[in-house]
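Novice: Sharing a structure here in structure tokens format.
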Amino acid sequence: MRTSVFLFMVFVFGLTGCSSYKSYVSEDLTSYSEIKTPKYNDEEIKELFARKANLPAQFKLAVYFKHSQAYNGSDWRWSQEDRDSILNLLRANAPKDRVASIFELNSHLVRDPDLRDIRTAAAKARADAVLVIEGVGAVKTDMNSLSGTYVLLLPAFFVPGNTIESLFVVNSAMWDVRNEMLYMSSSSEGQLSDEYVPAWKKRDAFYLAEAKSRALESFKNRLTQDLSQIR
């Protein structure tokens, strides 16, 4: 009788874990971005088409690293290593005949995260264009079909009855500081899925950092290709 009850509980827990588990999709995090996609009417669209490239023969490029707030309780930050690696990549691959200098825009100059304020801060720094690089990440945990064994308590120390998924999305766009002309944009993501034993679970920051590393690797490859198109 006890065995039958136990097997029934395992079955119920297993179904619950399988049915409730859903993978993250990049749209969830993209929509969470604080730089919201603007809405335009017909007149505004005509005005946008009327804008022309306004960069001087050799222009100064500011790079702003946008840090979105925590999503679903998952906090993170752009590390000095992250910023340096991207800046070094830009300096090594940007066409020397077009880009006079590349520098990081100090975050303290930006009061609000909207594009207008970022452009204003870039203008104060005498930049001709600003590359906004924004990241957002999240970590989700859930039970899988093995979690039903936890009713015996001891399996919680060696049975991987939980699933964790981490997703990090990097969005970037290069804007003309003077007239908000968009020169290039891209989006990359990194994802990590794993099963773990509750007693030995690593911190969420570990999984988020790994997803961010994967996203940045993809982003750098795309950025190198985009830089070659600046003429």
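Ordered as shown in the structure tokens, chains take letters A, B, and onward, while each chain numbers its residues from 1 and ligands are numbered from 1 in the order shown.
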I'd like the contact shell of region 87-104 of chain A - 10 Å cut-off, only C-alpha atoms, skipping same-chain residues fewer than 3 positions apart - returned as a VMD selection string.
Specialist: chain A and resid 55 to 65 81 to 84 107 122 125 127 to 131 220 to 221 223 to 231
Novice: For a test of reading the model, state the distance in Å between CA of Leu115 (chain A) and CA of Ala211 (chain A), rounded to one decimal.
Specialist: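 Interatomic distance, CA of Leu115 (chain A) to CA of Ala211 (chain A): 26.3 Å.
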